[in-house]
>>> print(open('target_19.tsv').read())   # TSV, N, CA and C atoms
chain	number	residue	atom	x	y	z
A	1	MET	N	62.79	4.01	20.97
A	1	MET	CA	64.03	4.76	20.98
A	1	MET	C	63.86	6.06	21.73
A	2	ALA	N	62.70	6.69	21.56
A	2	ALA	CA	62.47	7.94	22.28
A	2	ALA	C	62.46	7.70	23.78
A	3	TRP	N	61.84	6.60	24.21
A	3	TRP	CA	61.82	6.30	25.63
A	3	TRP	C	63.24	6.08	26.15
A	4	LEU	N	64.05	5.35	25.39
A	4	LEU	CA	65.44	5.13	25.81
A	4	LEU	C	66.18	6.45	25.92
A	5	ALA	N	65.98	7.33	24.95
A	5	ALA	CA	66.66	8.63	24.97
A	5	ALA	C	66.29	9.43	26.21
A	6	LEU	N	65.06	9.31	26.66
A	6	LEU	CA	64.61	10.10	27.80
A	6	LEU	C	64.88	9.44	29.15
A	7	ASN	N	64.91	8.12	29.20
A	7	ASN	CA	64.90	7.43	30.49
A	7	ASN	C	66.10	6.54	30.79
A	8	ALA	N	66.76	6.03	29.80
A	8	ALA	CA	67.84	5.07	30.04
A	8	ALA	C	69.15	5.78	30.35
A	9	GLU	N	69.99	5.08	31.09
A	9	GLU	CA	71.37	5.55	31.22
A	9	GLU	C	71.95	5.54	29.81
A	10	PRO	N	72.62	6.60	29.40
A	10	PRO	CA	73.14	6.65	28.03
A	10	PRO	C	73.98	5.45	27.64
A	11	VAL	N	74.84	4.98	28.54
A	11	VAL	CA	75.69	3.86	28.19
A	11	VAL	C	74.86	2.60	27.94
A	12	ASP	N	73.78	2.39	28.70
A	12	ASP	CA	72.91	1.24	28.47
A	12	ASP	C	72.18	1.36	27.14
A	13	ALA	N	71.71	2.56	26.83
A	13	ALA	CA	71.02	2.77	25.55
A	13	ALA	C	71.96	2.52	24.38
A	14	VAL	N	73.20	2.99	24.49
A	14	VAL	CA	74.17	2.80	23.41
A	14	VAL	C	74.43	1.32	23.17
A	15	VAL	N	74.61	0.56	24.24
A	15	VAL	CA	74.89	-0.87	24.09
A	15	VAL	C	73.68	-1.57	23.46
A	16	ALA	N	72.48	-1.27	23.94
A	16	ALA	CA	71.28	-1.91	23.38
A	16	ALA	C	71.08	-1.55	21.91
A	17	LEU	N	71.24	-0.29	21.58
A	17	LEU	CA	71.05	0.14	20.20
A	17	LEU	C	72.11	-0.43	19.28
A	18	THR	N	73.35	-0.50	19.75
A	18	THR	CA	74.43	-1.06	18.94
A	18	THR	C	74.17	-2.52	18.63
A	19	ALA	N	73.74	-3.28	19.63
A	19	ALA	CA	73.40	-4.69	19.41
A	19	ALA	C	72.23	-4.81	18.45
A	20	ASN	N	71.23	-3.95	18.60
A	20	ASN	CA	70.06	-3.98	17.74
A	20	ASN	C	70.44	-3.67	16.30
A	21	PHE	N	71.28	-2.66	16.10
A	21	PHE	CA	71.70	-2.31	14.75
A	21	PHE	C	72.53	-3.42	14.11
A	22	ALA	N	73.32	-4.12	14.92
A	22	ALA	CA	74.09	-5.25	14.38
A	22	ALA	C	73.14	-6.36	13.91
A	23	ALA	N	72.11	-6.63	14.70
A	23	ALA	CA	71.12	-7.64	14.31
A	23	ALA	C	70.41	-7.20	13.03
A	24	TRP	N	70.02	-5.93	12.95
A	24	TRP	CA	69.37	-5.39	11.75
A	24	TRP	C	70.27	-5.57	10.53
A	25	GLY	N	71.55	-5.27	10.68
A	25	GLY	CA	72.49	-5.44	9.57
A	25	GLY	C	72.56	-6.88	9.10
A	26	ASN	N	72.53	-7.81	10.05
A	26	ASN	CA	72.54	-9.23	9.68
A	26	ASN	C	71.26	-9.61	8.95
A	27	TYR	N	70.12	-9.08	9.40
A	27	TYR	CA	68.85	-9.35	8.70
A	27	TYR	C	68.94	-8.84	7.27
A	28	CYS	N	69.43	-7.63	7.11
A	28	CYS	CA	69.52	-7.02	5.78
A	28	CYS	C	70.42	-7.84	4.86
A	29	ALA	N	71.55	-8.30	5.39
A	29	ALA	CA	72.47	-9.11	4.58
A	29	ALA	C	71.80	-10.41	4.14
A	30	GLU	N	71.07	-11.04	5.04
A	30	GLU	CA	70.42	-12.30	4.71
A	30	GLU	C	69.30	-12.11	3.70
A	31	VAL	N	68.51	-11.06	3.86
A	31	VAL	CA	67.43	-10.80	2.90
A	31	VAL	C	68.00	-10.48	1.52
A	32	ALA	N	69.05	-9.67	1.47
A	32	ALA	CA	69.67	-9.34	0.18
A	32	ALA	C	70.22	-10.59	-0.49
A	33	ARG	N	70.86	-11.46	0.30
A	33	ARG	CA	71.39	-12.71	-0.25
A	33	ARG	C	70.26	-13.55	-0.83
A	34	ALA	N	69.16	-13.67	-0.09
A	34	ALA	CA	68.04	-14.49	-0.54
A	34	ALA	C	67.37	-13.90	-1.78
A	35	LEU	N	67.23	-12.58	-1.82
A	35	LEU	CA	66.61	-11.95	-2.99
A	35	LEU	C	67.46	-12.17	-4.24
A	36	ARG	N	68.76	-12.10	-4.09
A	36	ARG	CA	69.65	-12.34	-5.24
A	36	ARG	C	69.57	-13.81	-5.67
A	37	GLN	N	69.70	-14.71	-4.69
A	37	GLN	CA	69.76	-16.14	-4.98
A	37	GLN	C	68.44	-16.68	-5.52
A	38	HIS	N	67.35	-16.32	-4.90
A	38	HIS	CA	66.07	-16.94	-5.25
A	38	HIS	C	65.25	-16.17	-6.28
A	39	TYR	N	65.49	-14.86	-6.40
A	39	TYR	CA	64.66	-14.05	-7.29
A	39	TYR	C	65.44	-13.27	-8.33
A	40	GLY	N	66.76	-13.40	-8.31
A	40	GLY	CA	67.58	-12.75	-9.32
A	40	GLY	C	67.68	-11.24	-9.19
A	41	PHE	N	67.43	-10.69	-8.00
A	41	PHE	CA	67.56	-9.24	-7.81
A	41	PHE	C	69.01	-8.83	-8.04
A	42	ASP	N	69.19	-7.63	-8.58
A	42	ASP	CA	70.54	-7.14	-8.83
A	42	ASP	C	70.99	-6.20	-7.70
A	43	ASP	N	72.21	-5.68	-7.85
A	43	ASP	CA	72.76	-4.81	-6.81
A	43	ASP	C	71.93	-3.55	-6.58
A	44	GLU	N	71.40	-3.00	-7.66
A	44	GLU	CA	70.59	-1.79	-7.50
A	44	GLU	C	69.33	-2.08	-6.70
A	45	ALA	N	68.69	-3.20	-6.99
A	45	ALA	CA	67.46	-3.56	-6.28
A	45	ALA	C	67.72	-3.85	-4.80
A	46	CYS	N	68.91	-4.30	-4.49
A	46	CYS	CA	69.25	-4.64	-3.10
A	46	CYS	C	70.05	-3.53	-2.42
A	47	GLY	N	70.15	-2.38	-3.04
A	47	GLY	CA	70.99	-1.29	-2.52
A	47	GLY	C	70.66	-0.88	-1.10
A	48	PHE	N	69.38	-0.75	-0.77
A	48	PHE	CA	68.99	-0.36	0.59
A	48	PHE	C	69.49	-1.40	1.59
A	49	LEU	N	69.24	-2.66	1.29
A	49	LEU	CA	69.66	-3.74	2.19
A	49	LEU	C	71.17	-3.81	2.30
A	50	ASP	N	71.87	-3.67	1.17
A	50	ASP	CA	73.33	-3.70	1.19
A	50	ASP	C	73.91	-2.57	2.03
A	51	PHE	N	73.27	-1.41	1.96
A	51	PHE	CA	73.76	-0.26	2.74
A	51	PHE	C	73.75	-0.59	4.23
A	52	PHE	N	72.66	-1.16	4.72
A	52	PHE	CA	72.57	-1.45	6.15
A	52	PHE	C	73.31	-2.72	6.54
A	53	ALA	N	73.61	-3.58	5.57
A	53	ALA	CA	74.35	-4.81	5.86
A	53	ALA	C	75.85	-4.55	5.97
A	54	ALA	N	76.31	-3.47	5.35
A	54	ALA	CA	77.75	-3.17	5.33
A	54	ALA	C	78.21	-2.71	6.72
A	55	PRO	N	79.38	-3.16	7.14
A	55	PRO	CA	79.92	-2.68	8.41
A	55	PRO	C	80.11	-1.16	8.39
A	56	ALA	N	79.92	-0.55	9.54
A	56	ALA	CA	80.09	0.91	9.66
A	56	ALA	C	81.07	1.17	10.80
A	57	PRO	N	82.37	1.09	10.50
A	57	PRO	CA	83.37	1.23	11.56
A	57	PRO	C	83.26	2.55	12.32
A	58	GLU	N	82.86	3.62	11.64
A	58	GLU	CA	82.76	4.91	12.33
A	58	GLU	C	81.64	4.89	13.37
A	59	VAL	N	80.56	4.18	13.09
A	59	VAL	CA	79.47	4.06	14.05
A	59	VAL	C	79.92	3.21	15.24
A	60	THR	N	80.64	2.15	14.96
A	60	THR	CA	81.17	1.32	16.03
A	60	THR	C	82.10	2.12	16.92
A	61	GLU	N	82.96	2.92	16.32
A	61	GLU	CA	83.89	3.74	17.09
A	61	GLU	C	83.14	4.78	17.94
A	62	GLN	N	82.09	5.35	17.38
A	62	GLN	CA	81.29	6.30	18.16
A	62	GLN	C	80.62	5.61	19.35
A	63	ALA	N	80.14	4.40	19.14
A	63	ALA	CA	79.52	3.64	20.24
A	63	ALA	C	80.55	3.33	21.31
A	64	LEU	N	81.75	2.91	20.89
A	64	LEU	CA	82.80	2.63	21.87
A	64	LEU	C	83.20	3.88	22.64
A	65	ASP	N	83.27	5.01	21.97
A	65	ASP	CA	83.57	6.27	22.66
A	65	ASP	C	82.49	6.60	23.69
A	66	ALA	N	81.24	6.38	23.33
A	66	ALA	CA	80.13	6.65	24.27
A	66	ALA	C	80.20	5.73	25.47
A	67	VAL	N	80.52	4.46	25.23
A	67	VAL	CA	80.63	3.52	26.34
A	67	VAL	C	81.82	3.90	27.24
A	68	ARG	N	82.94	4.27	26.63
A	68	ARG	CA	84.09	4.72	27.42
A	68	ARG	C	83.74	5.93	28.28
A	69	SER	N	83.02	6.88	27.70
A	69	SER	CA	82.60	8.06	28.46
A	69	SER	C	81.73	7.67	29.64
A	70	GLY	N	80.83	6.73	29.41
A	70	GLY	CA	79.96	6.28	30.49
A	70	GLY	C	80.72	5.57	31.59
A	71	THR	N	81.62	4.68	31.19
A	71	THR	CA	82.38	3.96	32.21
A	71	THR	C	83.34	4.90	32.94
A	72	ASP	N	83.91	5.86	32.24
A	72	ASP	CA	84.78	6.84	32.89
A	72	ASP	C	84.01	7.67	33.92
A	73	ALA	N	82.71	7.84	33.68
A	73	ALA	CA	81.87	8.60	34.61
A	73	ALA	C	81.33	7.70	35.73
A	74	GLY	N	81.72	6.43	35.73
A	74	GLY	CA	81.33	5.53	36.81
A	74	GLY	C	80.11	4.66	36.56
A	75	HIS	N	79.59	4.67	35.36
A	75	HIS	CA	78.42	3.84	35.06
A	75	HIS	C	78.88	2.44	34.66
A	76	ALA	N	78.25	1.43	35.22
A	76	ALA	CA	78.56	0.05	34.87
A	76	ALA	C	77.94	-0.27	33.51
A	77	VAL	N	78.57	-1.15	32.78
A	77	VAL	CA	78.07	-1.55	31.47
A	77	VAL	C	77.44	-2.93	31.61
A	78	GLY	N	76.32	-3.11	30.98
A	78	GLY	CA	75.66	-4.41	31.00
A	78	GLY	C	74.62	-4.49	32.09
A	79	GLY	N	74.22	-5.69	32.37
A	79	GLY	CA	73.23	-5.90	33.40
A	79	GLY	C	71.83	-6.05	32.83
A	80	PRO	N	70.87	-6.20	33.70
A	80	PRO	CA	69.51	-6.47	33.26
A	80	PRO	C	68.90	-5.36	32.41
A	81	ALA	N	69.26	-4.12	32.67
A	81	ALA	CA	68.66	-3.02	31.91
A	81	ALA	C	69.01	-3.12	30.43
A	82	VAL	N	70.26	-3.40	30.12
A	82	VAL	CA	70.67	-3.50	28.71
A	82	VAL	C	69.90	-4.62	28.01
A	83	HIS	N	69.81	-5.75	28.67
A	83	HIS	CA	69.07	-6.87	28.09
A	83	HIS	C	67.61	-6.50	27.89
A	84	ARG	N	66.99	-5.87	28.87
A	84	ARG	CA	65.59	-5.45	28.77
A	84	ARG	C	65.41	-4.46	27.62
A	85	TYR	N	66.33	-3.51	27.48
A	85	TYR	CA	66.23	-2.51	26.41
A	85	TYR	C	66.38	-3.17	25.03
A	86	GLY	N	67.30	-4.11	24.94
A	86	GLY	CA	67.47	-4.84	23.68
A	86	GLY	C	66.23	-5.62	23.30
A	87	ARG	N	65.63	-6.29	24.29
A	87	ARG	CA	64.40	-7.03	24.03
A	87	ARG	C	63.26	-6.09	23.65
A	88	LEU	N	63.22	-4.93	24.29
A	88	LEU	CA	62.20	-3.92	23.96
A	88	LEU	C	62.31	-3.52	22.49
A	89	LEU	N	63.53	-3.24	22.04
A	89	LEU	CA	63.73	-2.87	20.64
A	89	LEU	C	63.32	-4.00	19.70
A	90	GLN	N	63.70	-5.23	20.04
A	90	GLN	CA	63.34	-6.37	19.21
A	90	GLN	C	61.83	-6.58	19.17
A	91	THR	N	61.17	-6.37	20.29
A	91	THR	CA	59.72	-6.52	20.35
A	91	THR	C	59.03	-5.49	19.47
A	92	TYR	N	59.49	-4.26	19.51
A	92	TYR	CA	58.90	-3.23	18.66
A	92	TYR	C	59.12	-3.55	17.18
A	93	GLU	N	60.28	-4.08	16.84
A	93	GLU	CA	60.52	-4.46	15.44
A	93	GLU	C	59.58	-5.59	15.03
A	94	LEU	N	59.39	-6.56	15.92
A	94	LEU	CA	58.47	-7.66	15.61
A	94	LEU	C	57.06	-7.13	15.40
A	95	MET	N	56.64	-6.19	16.24
A	95	MET	CA	55.33	-5.57	16.07
A	95	MET	C	55.22	-4.89	14.70
A	96	PHE	N	56.28	-4.22	14.28
A	96	PHE	CA	56.30	-3.56	12.97
A	96	PHE	C	56.07	-4.57	11.86
A	97	TRP	N	56.87	-5.65	11.85
A	97	TRP	CA	56.76	-6.63	10.78
A	97	TRP	C	55.42	-7.35	10.82
A	98	ASN	N	54.93	-7.66	12.00
A	98	ASN	CA	53.62	-8.31	12.10
A	98	ASN	C	52.50	-7.39	11.61
A	99	THR	N	52.64	-6.10	11.85
A	99	THR	CA	51.65	-5.14	11.36
A	99	THR	C	51.62	-5.14	9.83
A	100	LEU	N	52.80	-5.18	9.21
A	100	LEU	CA	52.83	-5.25	7.74
A	100	LEU	C	52.17	-6.52	7.23
A	101	ALA	N	52.49	-7.63	7.87
A	101	ALA	CA	51.90	-8.91	7.44
A	101	ALA	C	50.39	-8.90	7.64
A	102	ASP	N	49.93	-8.39	8.78
A	102	ASP	CA	48.49	-8.33	9.05
A	102	ASP	C	47.79	-7.41	8.05
A	103	GLY	N	48.42	-6.29	7.72
A	103	GLY	CA	47.83	-5.35	6.77
A	103	GLY	C	47.71	-5.95	5.38
A	104	ALA	N	48.73	-6.70	4.98
A	104	ALA	CA	48.69	-7.35	3.67
A	104	ALA	C	47.60	-8.41	3.65
A	105	ALA	N	47.47	-9.16	4.73
A	105	ALA	CA	46.46	-10.22	4.80
A	105	ALA	C	45.05	-9.62	4.77
A	106	SER	N	44.85	-8.53	5.50
A	106	SER	CA	43.51	-7.94	5.54
A	106	SER	C	43.15	-7.27	4.21
A	107	ALA	N	44.15	-6.94	3.41
A	107	ALA	CA	43.90	-6.35	2.09
A	107	ALA	C	43.75	-7.42	1.02
A	108	GLY	N	43.83	-8.69	1.44
A	108	GLY	CA	43.66	-9.79	0.49
A	108	GLY	C	44.91	-10.09	-0.32
A	109	ARG	N	46.04	-9.52	0.10
A	109	ARG	CA	47.30	-9.79	-0.60
A	109	ARG	C	48.13	-10.74	0.25
A	110	PRO	N	48.88	-11.61	-0.39
A	110	PRO	CA	49.77	-12.45	0.40
A	110	PRO	C	50.85	-11.58	1.03
A	111	GLY	N	51.06	-11.74	2.29
A	111	GLY	CA	52.08	-10.97	2.98
A	111	GLY	C	53.23	-11.87	3.38
A	112	PRO	N	54.24	-11.27	3.94
A	112	PRO	CA	55.36	-12.08	4.40
A	112	PRO	C	54.93	-12.94	5.57
A	113	ALA	N	55.60	-14.03	5.72
A	113	ALA	CA	55.34	-14.86	6.89
A	113	ALA	C	55.70	-14.05	8.13
A	114	ALA	N	54.92	-14.19	9.16
A	114	ALA	CA	55.18	-13.45	10.38
A	114	ALA	C	56.50	-13.88	10.97
A	115	PRO	N	57.35	-12.93	11.35
A	115	PRO	CA	58.63	-13.29	11.96
A	115	PRO	C	58.41	-14.00	13.27
A	116	VAL	N	59.38	-14.78	13.64
A	116	VAL	CA	59.34	-15.50	14.91
A	116	VAL	C	60.20	-14.77	15.90
A	117	ALA	N	59.66	-14.48	17.07
A	117	ALA	CA	60.44	-13.80	18.11
A	117	ALA	C	61.57	-14.73	18.53
A	118	GLY	N	62.78	-14.14	18.67
A	118	GLY	CA	63.93	-14.96	19.02
A	118	GLY	C	64.41	-14.77	20.39
>>> encode(input="target_19.tsv", output="structure tokens")
Amino acid sequence: MAWLALNAEPVDAVVALTANFAAWGNYCAEVARALRQHYGFDDEACGFLDFFAAPAPEVTEQALDAVRSGTDAGHAVGGPAVHRYGRLLQTYELMFWNTLADGAASAGRPGPAAPVAG
């Protein structure tokens, strides 16, 4: 994210981050659903996940405003840079989850299954 803030066209960074946050929200919703269904977790236990799974219309509106500002200034939206930035964010997230799984395994504890890159 720091690299995007320093180097990317703002409109490209906004689109990549917005897509990434939407994917994160979907992950959170699915994990919360599974924890409730399979392990009986309650709303309090799933509060963190529920928070990020809930739609945030104000954030969406801010992203749309940023994209409008970029396009009004003549910047094109989309293209290879946005896709590359989105993949970069997803790759870093995969590294994060794999690090947790590797750390749990090296400590002799069962860890989560390693996520599959999509």
>>> closest_atom_pairs(input="target_19.tsv", of="segment 72-108 of chain A", to="segment 61-66 of chain A", cutoff="12 Å", atoms="only C-alpha atoms", output="Markdown table")
| residue | atom | partner | partner_atom | distance |
| --- | --- | --- | --- | --- |
| A:Asp72 | CA | A:Ala66 | CA | 9.8 |
| A:Ala73 | CA | A:Ala66 | CA | 10.7 |
| A:His75 | CA | A:Ala66 | CA | 11.3 |
| A:Val77 | CA | A:Ala66 | CA | 11.1 |
>>> select_by_dssp(input="target_19.tsv", residues="chain A", states="helix (DSSP H, G or I)", output="MDAnalysis selection string")
chainID A and resid 2:7 10:39 47:53 57:72 80:106
>>> residues_around(input="target_19.tsv", residues="segment 44-51 of chain A", least_positions_apart="5", cutoff="8 Å", atoms="all atoms listed in the file", output="PyMOL selection string")
chain A and resi 25+27-33+35-36
>>> residues_around(input="target_19.tsv", residues="segment 22-24 of chain A", least_positions_apart="2", cutoff="12 Å", atoms="only C-alpha atoms", output="NGL selection string")
:A and (15-20 or 26-31 or 49-57 or 59-60 or 63 or 86-87 or 89-90 or 93-94 or 118)
>>> atom_distance(input="target_19.tsv", atom1="atom N of Ala76 of chain A", atom2="atom CA of Asn7 of chain A")
15.4 Å
>>> atom_distance(input="target_19.tsv", atom1="atom CA of Arg68 of chain A", atom2="atom N of Glu9 of chain A")
14.6 Å
>>> atom_distance(input="target_19.tsv", atom1="atom CA of Ser69 of chain A", atom2="atom CA of Val11 of chain A")
8.1 Å
>>> axis_aligned_box(input="target_19.tsv", around="segment 59-66 of chain A", padding_each_side="4 Å", output="AutoDock Vina command-line options")
--center_x 81.7 --center_y 4.0 --center_z 19.3 --size_x 12.4 --size_y 13.3 --size_z 20.4
>>> residues_around(input="target_19.tsv", residues="Trp3 of chain A", least_positions_apart="3", cutoff="10 Å", atoms="only C-alpha atoms", output="list in words")
Leu6, Asn7, Ala8, Ala13 and Tyr85 of chain A
>>> build_atoms(input="target_19.tsv", residues="segment 1-21 of chain A", atoms="N, CA, C and O atoms", output="PDB file, keeping the file's coordinate frame")
ATOM      1  N   MET A   1      62.790   4.010  20.970  1.00  0.00           N
ATOM      2  CA  MET A   1      64.030   4.760  20.980  1.00  0.00           C
ATOM      3  C   MET A   1      63.860   6.060  21.730  1.00  0.00           C
ATOM      4  O   MET A   1      64.768   6.486  22.431  1.00  0.00           O
ATOM      5  N   ALA A   2      62.700   6.690  21.560  1.00  0.00           N
ATOM      6  CA  ALA A   2      62.470   7.940  22.280  1.00  0.00           C
ATOM      7  C   ALA A   2      62.460   7.700  23.780  1.00  0.00           C
ATOM      8  O   ALA A   2      63.025   8.486  24.546  1.00  0.00           O
ATOM      9  N   TRP A   3      61.840   6.600  24.210  1.00  0.00           N
ATOM     10  CA  TRP A   3      61.820   6.300  25.630  1.00  0.00           C
ATOM     11  C   TRP A   3      63.240   6.080  26.150  1.00  0.00           C
ATOM     12  O   TRP A   3      63.599   6.578  27.221  1.00  0.00           O
ATOM     13  N   LEU A   4      64.050   5.350  25.390  1.00  0.00           N
ATOM     14  CA  LEU A   4      65.440   5.130  25.810  1.00  0.00           C
ATOM     15  C   LEU A   4      66.180   6.450  25.920  1.00  0.00           C
ATOM     16  O   LEU A   4      66.936   6.666  26.859  1.00  0.00           O
ATOM     17  N   ALA A   5      65.980   7.330  24.950  1.00  0.00           N
ATOM     18  CA  ALA A   5      66.660   8.630  24.970  1.00  0.00           C
ATOM     19  C   ALA A   5      66.290   9.430  26.210  1.00  0.00           C
ATOM     20  O   ALA A   5      67.127  10.163  26.756  1.00  0.00           O
ATOM     21  N   LEU A   6      65.060   9.310  26.660  1.00  0.00           N
ATOM     22  CA  LEU A   6      64.610  10.100  27.800  1.00  0.00           C
ATOM     23  C   LEU A   6      64.880   9.440  29.150  1.00  0.00           C
ATOM     24  O   LEU A   6      65.045  10.135  30.158  1.00  0.00           O
ATOM     25  N   ASN A   7      64.910   8.120  29.200  1.00  0.00           N
ATOM     26  CA  ASN A   7      64.900   7.430  30.490  1.00  0.00           C
ATOM     27  C   ASN A   7      66.100   6.540  30.790  1.00  0.00           C
ATOM     28  O   ASN A   7      66.368   6.290  31.966  1.00  0.00           O
ATOM     29  N   ALA A   8      66.760   6.030  29.800  1.00  0.00           N
ATOM     30  CA  ALA A   8      67.840   5.070  30.040  1.00  0.00           C
ATOM     31  C   ALA A   8      69.150   5.780  30.350  1.00  0.00           C
ATOM     32  O   ALA A   8      69.368   6.923  29.943  1.00  0.00           O
ATOM     33  N   GLU A   9      69.990   5.080  31.090  1.00  0.00           N
ATOM     34  CA  GLU A   9      71.370   5.550  31.220  1.00  0.00           C
ATOM     35  C   GLU A   9      71.950   5.540  29.810  1.00  0.00           C
ATOM     36  O   GLU A   9      71.797   4.556  29.074  1.00  0.00           O
ATOM     37  N   PRO A  10      72.620   6.600  29.400  1.00  0.00           N
ATOM     38  CA  PRO A  10      73.140   6.650  28.030  1.00  0.00           C
ATOM     39  C   PRO A  10      73.980   5.450  27.640  1.00  0.00           C
ATOM     40  O   PRO A  10      73.853   4.935  26.522  1.00  0.00           O
ATOM     41  N   VAL A  11      74.840   4.980  28.540  1.00  0.00           N
ATOM     42  CA  VAL A  11      75.690   3.860  28.190  1.00  0.00           C
ATOM     43  C   VAL A  11      74.860   2.600  27.940  1.00  0.00           C
ATOM     44  O   VAL A  11      75.141   1.822  27.023  1.00  0.00           O
ATOM     45  N   ASP A  12      73.780   2.390  28.700  1.00  0.00           N
ATOM     46  CA  ASP A  12      72.910   1.240  28.470  1.00  0.00           C
ATOM     47  C   ASP A  12      72.180   1.360  27.140  1.00  0.00           C
ATOM     48  O   ASP A  12      72.034   0.384  26.405  1.00  0.00           O
ATOM     49  N   ALA A  13      71.710   2.560  26.830  1.00  0.00           N
ATOM     50  CA  ALA A  13      71.020   2.770  25.550  1.00  0.00           C
ATOM     51  C   ALA A  13      71.960   2.520  24.380  1.00  0.00           C
ATOM     52  O   ALA A  13      71.565   1.899  23.388  1.00  0.00           O
ATOM     53  N   VAL A  14      73.200   2.990  24.490  1.00  0.00           N
ATOM     54  CA  VAL A  14      74.170   2.800  23.410  1.00  0.00           C
ATOM     55  C   VAL A  14      74.430   1.320  23.170  1.00  0.00           C
ATOM     56  O   VAL A  14      74.444   0.858  22.019  1.00  0.00           O
ATOM     57  N   VAL A  15      74.610   0.560  24.240  1.00  0.00           N
ATOM     58  CA  VAL A  15      74.890  -0.870  24.090  1.00  0.00           C
ATOM     59  C   VAL A  15      73.680  -1.570  23.460  1.00  0.00           C
ATOM     60  O   VAL A  15      73.831  -2.370  22.525  1.00  0.00           O
ATOM     61  N   ALA A  16      72.480  -1.270  23.940  1.00  0.00           N
ATOM     62  CA  ALA A  16      71.280  -1.910  23.380  1.00  0.00           C
ATOM     63  C   ALA A  16      71.080  -1.550  21.910  1.00  0.00           C
ATOM     64  O   ALA A  16      70.786  -2.421  21.089  1.00  0.00           O
ATOM     65  N   LEU A  17      71.240  -0.290  21.580  1.00  0.00           N
ATOM     66  CA  LEU A  17      71.050   0.140  20.200  1.00  0.00           C
ATOM     67  C   LEU A  17      72.110  -0.430  19.280  1.00  0.00           C
ATOM     68  O   LEU A  17      71.820  -0.824  18.136  1.00  0.00           O
ATOM     69  N   THR A  18      73.350  -0.500  19.750  1.00  0.00           N
ATOM     70  CA  THR A  18      74.430  -1.060  18.940  1.00  0.00           C
ATOM     71  C   THR A  18      74.170  -2.520  18.630  1.00  0.00           C
ATOM     72  O   THR A  18      74.330  -2.965  17.482  1.00  0.00           O
ATOM     73  N   ALA A  19      73.740  -3.280  19.630  1.00  0.00           N
ATOM     74  CA  ALA A  19      73.400  -4.690  19.410  1.00  0.00           C
ATOM     75  C   ALA A  19      72.230  -4.810  18.450  1.00  0.00           C
ATOM     76  O   ALA A  19      72.225  -5.660  17.546  1.00  0.00           O
ATOM     77  N   ASN A  20      71.230  -3.950  18.600  1.00  0.00           N
ATOM     78  CA  ASN A  20      70.060  -3.980  17.740  1.00  0.00           C
ATOM     79  C   ASN A  20      70.440  -3.670  16.300  1.00  0.00           C
ATOM     80  O   ASN A  20      69.960  -4.324  15.370  1.00  0.00           O
ATOM     81  N   PHE A  21      71.280  -2.660  16.100  1.00  0.00           N
ATOM     82  CA  PHE A  21      71.700  -2.310  14.750  1.00  0.00           C
ATOM     83  C   PHE A  21      72.530  -3.420  14.110  1.00  0.00           C
ATOM     84  O   PHE A  21      72.438  -3.667  12.905  1.00  0.00           O
TER      85      PHE A  21
END
